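As stored in query03.txt (compact mmCIF, C-alpha atoms):
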```txt
# COMPACT_ATOMS: atom_id res chain seq x y z
CA MET E 1 19.47 1.92 -4.29
CA TYR E 2 21.44 -0.50 -6.38
CA SER E 3 21.09 -3.92 -7.90
CA ASN E 4 23.69 -6.31 -6.47
CA ASP E 5 25.65 -6.10 -9.73
CA GLU E 6 25.63 -2.29 -9.69
CA TYR E 7 26.76 -2.21 -6.03
CA VAL E 8 29.74 -4.44 -6.88
CA ARG E 9 30.59 -2.25 -9.91
CA ILE E 10 30.57 0.93 -7.81
CA PHE E 11 31.99 -0.21 -4.47
CA GLY E 12 33.99 -3.29 -5.51
CA ALA E 13 33.75 -6.98 -4.78
CA GLU E 14 35.73 -6.77 -1.52
CA ARG E 15 33.34 -4.27 0.05
CA ALA E 16 30.36 -6.21 -1.30
CA LEU E 17 31.60 -9.34 0.48
CA VAL E 18 32.06 -7.41 3.73
CA GLU E 19 28.53 -5.99 3.43
CA GLY E 20 27.05 -9.40 2.57
CA VAL E 21 26.04 -8.46 -0.98
CA PRO E 22 26.19 -11.60 -3.16
CA LEU E 23 28.51 -11.45 -6.15
CA SER E 24 27.21 -12.50 -9.58
CA GLY E 25 26.33 -16.17 -9.53
CA GLN E 26 26.70 -16.36 -5.74
CA ALA E 27 23.01 -15.66 -5.13
CA GLN E 28 22.10 -18.76 -7.14
CA GLU E 29 24.29 -20.81 -4.88
CA ASN E 30 23.00 -19.33 -1.63
CA ASN E 31 19.67 -19.16 -2.30
CA GLY E 32 9.10 10.52 -0.77
CA ARG E 33 6.12 8.18 0.06
CA VAL E 34 4.27 7.11 -3.05
CA SER E 35 0.53 6.40 -3.10
CA PRO E 36 -0.68 2.91 -3.92
CA PRO E 37 -1.74 2.35 -7.52
CA ASP E 38 -5.25 3.57 -8.36
CA PRO E 39 -7.60 0.54 -8.58
CA SER E 40 -9.70 2.28 -11.26
CA ILE E 41 -6.74 2.12 -13.69
CA PRO E 42 -6.78 -1.06 -15.85
CA TRP E 43 -4.49 -3.83 -14.61
CA HIS E 44 -2.56 -3.92 -17.89
CA ARG E 45 -1.51 -0.25 -17.92
CA VAL E 46 2.28 0.04 -17.77
CA ASN E 47 3.29 2.45 -15.01
CA TYR E 48 7.00 2.31 -15.89
CA SER E 49 9.49 0.02 -17.66
CA SER E 50 12.98 -1.32 -17.10
CA LEU E 51 15.57 -3.25 -19.05
CA ASP E 52 17.89 -5.59 -17.19
CA TRP E 53 21.53 -6.05 -18.23
CA ASP E 54 20.48 -8.83 -20.60
CA TYR E 55 17.99 -6.44 -22.29
CA ASN E 56 14.87 -8.19 -20.98
CA ASP E 57 11.82 -5.92 -21.15
CA ILE E 58 10.35 -5.57 -17.63
CA PRO E 59 7.21 -3.43 -17.51
CA THR E 60 5.68 -2.69 -14.13
CA ARG E 61 1.94 -2.73 -14.69
CA ASN E 62 -0.74 -1.31 -12.44
CA GLY E 63 -1.68 -4.93 -11.81
CA THR E 64 -4.18 -6.46 -9.41
CA ASN E 65 -4.11 -7.60 -5.79
CA ASP E 66 -2.31 -10.73 -7.09
CA PHE E 67 0.52 -9.13 -9.09
CA GLY E 68 2.07 -5.89 -10.32
CA ALA E 69 2.43 -2.50 -8.65
CA ARG E 70 -0.86 -2.84 -6.76
CA HIS E 71 0.22 -6.18 -5.23
CA ALA E 72 3.68 -4.88 -4.25
CA ALA E 73 2.16 -1.77 -2.68
CA ASN E 74 -0.74 -3.39 -0.85
CA LYS E 75 0.91 -6.60 0.33
CA HIS E 76 4.52 -5.49 0.88
CA ASN E 77 4.40 -1.67 1.21
CA MET E 78 6.80 -1.39 -1.74
CA ARG E 79 5.41 1.71 -3.45
CA SER E 80 8.26 3.67 -4.98
CA LYS E 81 9.35 3.29 -8.59
CA LYS E 82 12.98 3.52 -7.53
CA ALA E 83 12.64 0.70 -4.98
CA VAL E 84 10.80 -1.59 -7.41
CA THR E 85 13.11 -1.00 -10.39
CA ALA E 86 16.57 -0.73 -8.73
CA PRO E 87 17.11 -4.52 -8.63
CA TYR E 88 16.47 -4.72 -12.39
CA ASN E 89 19.65 -2.72 -13.01
CA GLY E 90 21.66 -5.94 -13.13
CA ARG E 91 21.23 -9.56 -14.11
CA ALA E 92 18.64 -11.93 -12.68
CA ASP E 93 19.84 -13.66 -9.53
CA ARG E 94 17.48 -16.64 -9.70
CA GLY E 95 15.04 -17.90 -12.25
CA SER E 96 13.04 -20.71 -13.69
CA GLY E 97 11.01 -20.70 -16.88
CA ASN E 98 9.59 -17.22 -17.32
CA ARG E 99 9.80 -16.18 -13.62
CA TRP E 100 13.00 -14.39 -12.58
CA GLU E 101 14.10 -12.77 -9.29
CA TYR E 102 16.40 -9.77 -9.02
CA ASP E 103 18.04 -8.77 -5.74
CA GLY E 104 19.17 -5.30 -4.78
CA VAL E 105 20.33 -3.34 -1.78
CA ILE E 106 19.50 0.00 -0.22
CA THR E 107 22.61 1.66 1.13
CA SER E 108 23.55 4.44 3.46
CA GLY E 109 27.09 5.72 2.97
CA GLY E 110 27.96 2.55 1.07
CA SER E 111 26.79 0.28 3.91
CA VAL E 112 23.88 -2.04 3.19
CA ARG E 113 20.76 -0.96 5.05
CA MET E 114 18.15 -3.26 3.45
CA THR E 115 18.05 -6.07 0.88
CA ILE E 116 15.18 -5.91 -1.60
CA THR E 117 13.90 -8.26 -4.31
CA SER E 118 11.82 -7.64 -7.42
CA VAL E 119 10.25 -10.57 -9.28
CA ALA E 120 9.44 -10.41 -13.00
CA GLU E 121 7.42 -12.65 -15.29
CA ARG E 122 8.95 -12.66 -18.77
CA GLY E 123 5.96 -14.33 -20.44
CA GLU E 124 2.71 -12.79 -21.63
CA ARG E 125 0.58 -14.65 -19.08
CA GLY E 126 0.27 -13.69 -15.45
CA PRO E 127 -1.41 -15.26 -12.44
CA GLY E 128 -4.65 -16.99 -13.38
CA GLY E 129 -3.61 -17.12 -17.05
CA VAL E 130 -4.22 -13.39 -17.56
CA ARG E 131 -2.74 -12.34 -20.92
CA THR E 132 -1.30 -8.92 -21.76
CA PRO E 133 -3.23 -7.04 -24.45
CA ASP E 134 -0.07 -5.29 -25.72
CA GLY E 135 2.02 -8.44 -26.30
CA ARG E 136 4.70 -7.32 -23.84
CA PRO E 137 5.65 -9.48 -20.85
CA ILE E 138 3.58 -9.32 -17.67
CA GLY E 139 6.69 -7.85 -16.01
CA THR E 140 6.83 -7.12 -12.30
CA ILE E 141 4.89 -9.68 -10.29
CA THR E 142 5.97 -8.40 -6.88
CA ALA E 143 8.67 -6.51 -5.01
CA PHE E 144 9.50 -6.81 -1.33
CA CYS E 145 12.03 -6.25 1.44
CA ARG E 146 13.90 -9.44 2.35
CA GLY E 147 13.09 -10.85 5.76
CA GLN E 148 10.04 -8.62 6.33
CA THR E 149 6.36 -8.89 5.49
CA LEU E 150 6.06 -5.11 5.03
CA CYS E 151 8.80 -2.77 3.88
CA PRO E 152 9.44 0.13 6.28
CA ASP E 153 7.98 3.45 5.08
CA TRP E 154 11.47 4.96 4.67
CA VAL E 155 12.10 2.59 1.71
CA ASN E 156 9.50 4.53 -0.29
CA GLN E 157 11.03 7.90 0.56
CA ILE E 158 14.43 7.26 -1.02
```
What does this structure look like when you write it as structure tokens?
Amino acid sequence: MYSNDEYVRIFGAERALVEGVPLSGQAQENNGRVSPPDPSIPWHRVNYSSLDWDYNDIPTRNGTNDFGARHAANKHNMRSKKAVTAPYNGRADRGSGNRWEYDGVITSGGSVRMTITSVAERGERGPGGVRTPDGRPIGTITAFCRGQTLCPDWVNQI
């Protein structure tokens, strides 16, 4: 799995265009199975962290049914750390205020098999005004497979 930026760096812009992977800035113009997070764990616990290419801190918290790892797992079947964090290995593709979207691709032999998106909140307040007790950003709000309500199970096995 790669962010769009990482795919272009590895395979080149020409192949990215053939595979339909947006180049930097273009997205703004074009608009093993892992278990779901344990609901007994506090929403604010950080399960894992990422830094994007602009050094933004993006924690993925256990969350609730409205945001975080629990939301991504329960609503979109996006359960694997690798699938959630791969898009963060690049620059944000779209954003407004504190909410930023990162696109990525899952490949097979260099060919794009699935487009994925992870959404991060850079502020300390999440849905419903929930504030982080550690002062870090809320981080991952959701992650999903483009064009599908639920990600196929194989996405979580990569």
- Point out the residue among E:Thr140, E:Gly123, E:Gly63, E:Trp100 with the least atom-to-atom distance to Val84 of chain E, counting all atoms listed in the file. E:Thr140
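Distance annotation: of E:Met114, E:Cys151, E:Ala73, E:Ala92, the residue with the minimal separation from Asp5 of chain E is E:Ala92; atom set is all atoms listed in the file.
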- Message: Using Å and a single decimal, report how far atom CA of Asn65 of chain E sits from atom CA of Pro133 of chain E.
- Response: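 Distance between the two atoms: 18.7 Å.
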- Task: Write out as a list in words each polymer residue whose atoms come within 6 Å of segment 119-122 of chain E, counting all atoms listed in the file; drop sequence neighbours fewer than 5 positions from it.
- Result: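 Here the qualifying residues turn out to be Asn98, Arg99, Trp100, Glu101, Pro137, Ile138, Gly139, Thr140, Ile141 and Thr142 of chain E.
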- For atom CA of Gly95 of chain E and atom CA of Asp52 of chain E, quote the distance in Å rounded to one decimal.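 Result for atom CA of Gly95 of chain E versus atom CA of Asp52 of chain E: 13.6 Å, one decimal.
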- Which of these residues is nearest to Tyr48 of chain E, using all atoms listed in the file: E:Ser80, E:Glu124, E:Val8, E:Gly20? E:Ser80
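The space between atom CA of Val46 of chain E and atom CA of Arg61 of chain E spans 4.2 Å.
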- Message: Using only C-alpha atoms for the distances, tell me which of E:Ile41, E:Gly128, E:Ile116, E:Gly104 is nearest to Asp66 of chain E.
- Response: E:Gly128
- Message: So that I can see what lies close to Ser49 of chain E, please list as a list in words the residues with an atom at most 6 Å from it, counting all atoms listed in the file and leaving out residues fewer than 2 positions away in the same chain.
- Response: Ile58, Pro59 and Thr60 of chain E
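Taking only C-alpha atoms into account, Arg146 of chain E lies nearest to E:Ile106 out of the set E:Val130, E:Ala86, E:Ile106, E:Ala69.
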- Message: Taking 5 positions as the minimum chain separation for residues in the same chain, which residues sit within 9 Å of Lys82 of chain E when counting all atoms listed in the file? Answer as a list in words.
- Response: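 The residues that qualify are Met1, Asn156 and Ile158 of chain E.
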- Do a neighbour search on segment 148-150 of chain E at 6 Å with only C-alpha atoms, toss out local chain neighbours closer than 2 positions, and write the hits as a VMD selection string. chain E and resid 76 to 77 145 to 146
- Which one is closest to Ile10 of chain E: E:Thr107, E:Gly135, E:Thr115, E:Ala143? Count only C-alpha atoms. E:Thr107
What box, with edges along x, y and z, holds each listed atom of segment 94-106 of chain E when 4 Å is added on every side, and can you state its centre and edge lengths in Å to one decimal, as AutoDock Vina command-line options?
```
--center_x 15.0 --center_y -10.4 --center_z -8.8 --size_x 18.7 --size_y 28.7 --size_z 25.1
```
- Message: I'd like the contact shell of Glu19 of chain E - 8 Å cut-off, all atoms listed in the file, skipping same-chain residues fewer than 4 positions apart - returned as a ChimeraX atom specification.
- Response: /E:15,111-112
Mind rebuilding segment 72-84 of chain E with N, CA, C and O atoms and writing that out as a tab-separated table (two decimals), in the coordinates of the input?
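Written file, out_3.tsv:
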```
chain	number	residue	atom	x	y	z
E	72	ALA	N	2.48	-5.27	-5.01
E	72	ALA	CA	3.68	-4.88	-4.25
E	72	ALA	C	3.37	-3.81	-3.22
E	72	ALA	O	3.87	-3.85	-2.09
E	73	ALA	N	2.52	-2.86	-3.60
E	73	ALA	CA	2.16	-1.77	-2.68
E	73	ALA	C	1.28	-2.26	-1.54
E	73	ALA	O	1.55	-1.99	-0.37
E	74	ASN	N	0.22	-2.98	-1.88
E	74	ASN	CA	-0.74	-3.39	-0.85
E	74	ASN	C	-0.24	-4.49	0.06
E	74	ASN	O	-0.49	-4.47	1.26
E	75	LYS	N	0.46	-5.47	-0.49
E	75	LYS	CA	0.91	-6.60	0.33
E	75	LYS	C	2.24	-6.36	1.02
E	75	LYS	O	2.47	-6.83	2.12
E	76	HIS	N	3.16	-5.62	0.35
E	76	HIS	CA	4.52	-5.49	0.88
E	76	HIS	C	4.94	-4.06	1.20
E	76	HIS	O	6.08	-3.84	1.62
E	77	ASN	N	4.07	-3.08	0.99
E	77	ASN	CA	4.40	-1.67	1.21
E	77	ASN	C	5.60	-1.23	0.38
E	77	ASN	O	6.39	-0.40	0.79
E	78	MET	N	5.75	-1.80	-0.80
E	78	MET	CA	6.80	-1.39	-1.74
E	78	MET	C	6.09	-0.53	-2.78
E	78	MET	O	5.44	-1.05	-3.69
E	79	ARG	N	6.20	0.80	-2.63
E	79	ARG	CA	5.41	1.71	-3.45
E	79	ARG	C	6.23	2.56	-4.41
E	79	ARG	O	5.69	3.10	-5.35
E	80	SER	N	7.50	2.73	-4.16
E	80	SER	CA	8.26	3.67	-4.98
E	80	SER	C	8.83	3.02	-6.23
E	80	SER	O	9.29	1.87	-6.21
E	81	LYS	N	8.79	3.76	-7.32
E	81	LYS	CA	9.35	3.29	-8.59
E	81	LYS	C	10.82	2.93	-8.42
E	81	LYS	O	11.27	1.88	-8.90
E	82	LYS	N	11.56	3.74	-7.70
E	82	LYS	CA	12.98	3.52	-7.53
E	82	LYS	C	13.25	2.20	-6.79
E	82	LYS	O	14.13	1.45	-7.16
E	83	ALA	N	12.46	1.92	-5.75
E	83	ALA	CA	12.64	0.70	-4.98
E	83	ALA	C	12.28	-0.54	-5.81
E	83	ALA	O	12.96	-1.56	-5.74
E	84	VAL	N	11.23	-0.44	-6.61
E	84	VAL	CA	10.80	-1.59	-7.41
E	84	VAL	C	11.79	-1.85	-8.54
E	84	VAL	O	12.14	-3.00	-8.83
```
